[in-house]
Every structure is written in structure tokens, then in C-alpha cells.
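J.: Can you read through this structure? Questions will come right after.
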Amino acid sequence: MVIKKQNDIPSSEITDEKLYFNRRNFLKTAAVAAAGATAYTLFSKKNSSAFAQDNNSWKPANPSKFDTTETLTPYKDVTTYNNFYEFGVDKSDPSENAWRLTTTPWTVEVDGNVKKPAIYHLEDFVKPYKLEDRIYRMRCVEGWSMVIPWLGFPLSDIIKRAEPTAAAKFVAFQTLYRPNEMMGQQNNVLQWPYVEGLRMDEAMNPLTILAVGLYGKTLPKQDGAPLRLVVPWKYGFKGIKSIVKISFVGNQPPTSWNRYAPNEYGFYSNVNPNVDHPRWSQARERRIGEFFKRPTLMFNGYGDQVASMYSGMDLRKYF
Ligand SMILES: Nc1nc2c(c(=O)[nH]1)N[C@H]1C(S)=C(S)[C@@H](COP(=O)(O)O)O[C@H]1N2
Ligand SMILES: [Mo]
């Protein structure tokens, strides 16, 4: 049942985040981030043209050395072909339903084995960090892929600020639980809230980012606003959306898709064309917008930066 479509979102809802990020207490300290792209400059930008972005004309304002030069997946596909089970299980459900989500105010809790546990308002959480356009290949476990220009900052920035103790071996993430806005949470298709995790070295890897935008603009709700994880050498489901909690823990944390089907989705979930999913091959993928399938690359093509973290591990066992 579709009550309201994305195009019907009143402009007042679209500007919500902008207003939130202009709050007085945020402006007071925004000067620290005056140079380059910051959360402040991002959320000061008009967001209304976001829906008109396309892949032909867009250029990163704040490129990074990690950017792929492959053709970008059109904004339209990035924002209408989604997985976000909190809003339904079909690819079109998130873009039709995510407008219901209230992202202001938003808090992020950091807890566990850290010297600096805290509950941050979102703007304080992201304020100190310089944002970069990270143009990454993204590979969904279902066999499709995209090239998405995320806007974000390294997760390692957050980890350094939290000052984890020696007891912190893994980082656990949690999505918002709010079934009256996330109607998918009224069904038990997954156990809610959605949870994910990374080993500490994976979390510290410079490729791992927290994204607050894409195509240089505020993250659309269907893509995980206001804050989501992006881990480009792993299958897409590791990229947990709409994060409210980050915990530093001693043991490998549970993950939503592993709970759902442990024989199909492992904790590591590194993109690996040599290890098939029990029900399909992972050797090839369909890049959204292309007709012919292309070979899937080991670690999604990021092996130079990440393979050493898994040396000596049996990647069939630790899939
Ligand atoms: N909270 C939450 N995060 C999630 C999901 C989800 O259902 N809920 N789906 C995952 C899956 S399977 C994929 S492929 C990516 C899709 O991200 P995108 O829609 O922005 O491309 O989000 C991941 N993060
Ligand atoms: Mo996925």
C-alpha cells in the first residue's frame, strides 16, 4: 500500500535537516571546520536539486585518493533501487516509504570498551571531520552492483575520538528501532533492530567510512539517512543504515543477516567470486544500468588495501 510517494514530499520535510544543522549551538563551533567540505557546508547547501543529479555532469568537489573512475550509477537508481527492510522488502519500498522517518533530532550513542563513551547529537558527532567524496564500487550479495559517490569521513576518526581500550576487539552497530515510522519493523522478516559488526582492524581501515551524503548532497532517507556505514570490499548488507549506536565489544557481535541464515551470510562477508552463496554463484554481477554481466572482483577490487587483513584465514570457512 502506497500512501505517499517520494515526489509528494513537501519541501518543508526536505529542508528539515538543513534547519537542524543550522541550529545556533552548531554554528558556534562550525568555524573549526571552515576549510573544505564539512557537515556544516553540506547541510547548509540547498538540497532541493538533489533529485535532479545525474551521473554525466556530476564531479566530486572533494575527491579522495580511493575514488574509482568507473561510470557512476545514476542518482535515480541509487535512490530508487534500494535494500532497507525497515521500509519493506521490495527494491522500490524504501524510496516510497522512507519519507516517514524522522531524522531530526538524531542521536548517536558510543559505548562499550572506550575511554570516552558519549551520546552525541548528530551535528556534534560529525562536526569535527572533513567530508570526502568517496566514489566506491558497491556489490550487493544478491548479484547486482553500483558505483556510488558517497560523502563521508573515515570511521577511524570516530574510533580515535572514542579511545577504545585493549578489550575492544570488534565494533557493533545498531539501526534505529521505531516501528511506527519504519513499518517494516512491524513484521518479523528480520529480528529488529538491524545490527552489524566489524573486526577492529576492518573498522580502522581507511576505506571504511561513515556516510552522511551521496552525490555531494545530504543522504536520502532510503539510503540510510542521516548516517550509514560503507565498507566497499564487503557485500552491501554490511553497510548498516540509519545508525543510532556504535559499541566497542570484546567478542564478535551478532549481525542481522547471519542471524537470519547463518549458512548463507557469514560475519565477514567479503566480496569473493570464488565462494558461492549456497543458492547462487558469486562469480559475476550485473552493474545496474548495464546489460551484460561482468566478473566480480576479489574483495570487490580493493584487495591491495584489505587482503593483508585476512592473510592466513580460510576465506571459505570465514565467509
Ligand atoms: N538498517 C538496514 N541497513 C541496511 C539494509 C537493511 O535492510 N536495513 N540493507 C543492506 C543491504 S542488503 C544493502 S545491499 C545496502 C543497500 O544500500 P543502498 O540501498 O543505499 O544501495 O544496505 C544495507 N543496509
Ligand atoms: Mo544487499
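How things are named: the first chain in the C-alpha cells is A, the next is B, and so on; residues count from 1 in each chain; ligands count from 1 in the order shown.
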Sort by chain and increasing residue number a table of all residues of chain A within 6 Å of ligand 1, each with its closest pair of atoms and their distance in Å to one decimal, counting only C-alpha atoms and all ligand atoms, and write it as CSV.

T.:
```
residue,atom,partner,partner_atom_place_in_ligand_line,distance
A:Val78,CA,ligand 1,21 (O),6.0
A:Asn82,CA,ligand 1,19 (O),3.3
A:Asn83,CA,ligand 1,19 (O),4.5
A:Phe84,CA,ligand 1,7 (O),3.4
A:Tyr85,CA,ligand 1,7 (O),3.7
A:Glu86,CA,ligand 1,8 (N),5.8
A:Cys140,CA,ligand 1,14 (S),4.4
A:Thr175,CA,ligand 1,1 (N),5.2
A:Tyr194,CA,ligand 1,1 (N),5.1
A:Asp223,CA,ligand 1,20 (O),3.8
A:Gly236,CA,ligand 1,14 (S),3.8
A:Phe237,CA,ligand 1,11 (C),3.5
A:Gly239,CA,ligand 1,24 (N),4.6
A:Ile240,CA,ligand 1,3 (N),3.8
A:Lys241,CA,ligand 1,3 (N),4.0
```

J.: From a DSSP pass on the backbone, collect the residues of region 34-157 of chain A flagged as alpha helix (DSSP H) and hand them back as a list of chain:residue names.

T.: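 The alpha helix (DSSP H) residues within region 34-157 of chain A come out as A:Ala39, A:Tyr40, A:Thr41, A:Leu42, A:Phe43, A:Ser44, A:Tyr75, A:Lys76, A:Asp77, A:Val78, A:Thr79, A:Thr80, A:Asp93, A:Pro94, A:Ser95, A:Glu96, A:Asn97, A:Leu122, A:Glu123, A:Asp124, A:Phe125, A:Val126, A:Leu155, A:Ser156, A:Asp157.
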
J.: Those residues you just picked out, can you put them in a file as a PDB file, in the first residue's frame with C-alpha atoms?

T.:
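Printed below is result.pdb as written:
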```pdb
ATOM      1  CA  ALA A  39      28.958  18.648   7.717  1.00  0.00           C
ATOM      2  CA  TYR A  40      28.281  22.342   8.035  1.00  0.00           C
ATOM      3  CA  THR A  41      28.796  23.185   4.368  1.00  0.00           C
ATOM      4  CA  LEU A  42      26.956  20.040   3.366  1.00  0.00           C
ATOM      5  CA  PHE A  43      23.871  20.761   5.382  1.00  0.00           C
ATOM      6  CA  SER A  44      23.912  24.433   4.505  1.00  0.00           C
ATOM      7  CA  TYR A  75      21.315   9.209  -8.867  1.00  0.00           C
ATOM      8  CA  LYS A  76      17.876   7.950  -9.783  1.00  0.00           C
ATOM      9  CA  ASP A  77      18.956   4.295  -9.484  1.00  0.00           C
ATOM     10  CA  VAL A  78      20.963   4.908  -6.310  1.00  0.00           C
ATOM     11  CA  THR A  79      17.850   6.362  -4.686  1.00  0.00           C
ATOM     12  CA  THR A  80      15.058   4.141  -6.042  1.00  0.00           C
ATOM     13  CA  ASP A  93       9.755   0.152  -0.999  1.00  0.00           C
ATOM     14  CA  PRO A  94      12.459   2.300   0.644  1.00  0.00           C
ATOM     15  CA  SER A  95      12.069   5.223  -1.780  1.00  0.00           C
ATOM     16  CA  GLU A  96       8.294   5.057  -1.378  1.00  0.00           C
ATOM     17  CA  ASN A  97       8.196   4.728   2.398  1.00  0.00           C
ATOM     18  CA  LEU A 122      24.291  14.109  15.140  1.00  0.00           C
ATOM     19  CA  GLU A 123      25.767  17.502  14.341  1.00  0.00           C
ATOM     20  CA  ASP A 124      28.271  17.194  17.170  1.00  0.00           C
ATOM     21  CA  PHE A 125      29.076  13.664  16.113  1.00  0.00           C
ATOM     22  CA  VAL A 126      30.123  14.624  12.568  1.00  0.00           C
ATOM     23  CA  LEU A 155      35.128   5.510  10.711  1.00  0.00           C
ATOM     24  CA  SER A 156      38.624   5.588  12.218  1.00  0.00           C
ATOM     25  CA  ASP A 157      38.021   9.275  13.088  1.00  0.00           C
TER      26      ASP A 157
END
```

J.: Write out as a ChimeraX atom specification the set of residues from region 50-222 of chain A that DSSP, computed on the backbone, places in strand (DSSP E).

T.: /A:107-112,118-121,132-139,144-154,170-175,195-199,209-214,217-218

J.: Of the candidates A:Asn113, A:Gln282, A:Ser145, A:Ser269, which one gets nearest to Ala167 (chain A) if we count only C-alpha atoms?

T.: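 Smallest distance to Ala167 (chain A) is found for A:Asn113.
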
J.: Trp257 (chain A): which residues within 12 Å, counting only C-alpha atoms, same-chain residues fewer than 3 positions away excluded, as a PyMOL selection string?

T.: chain A and resi 85+141+189-197+235-240+254+260-269

J.: Between A:Pro60, A:Pro149, A:Gly143, A:Pro128, which one has atoms that come closest to Ile288 (chain A), using only C-alpha atoms?

T.: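 Among the listed residues, the smallest separation from Ile288 (chain A) belongs to A:Gly143.
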
J.: Quick one: residues within 9 Å of Ile243 (chain A), only C-alpha atoms counted, chain neighbours fewer than 3 positions away excluded, as a list in words?

T.: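 The neighbour list is Thr107, Val108, Phe173, Gln174, Thr175, Leu176, Gly224, Ala225, Pro226, Leu227, Arg228, Leu229, Ile240 and Ile246 of chain A.
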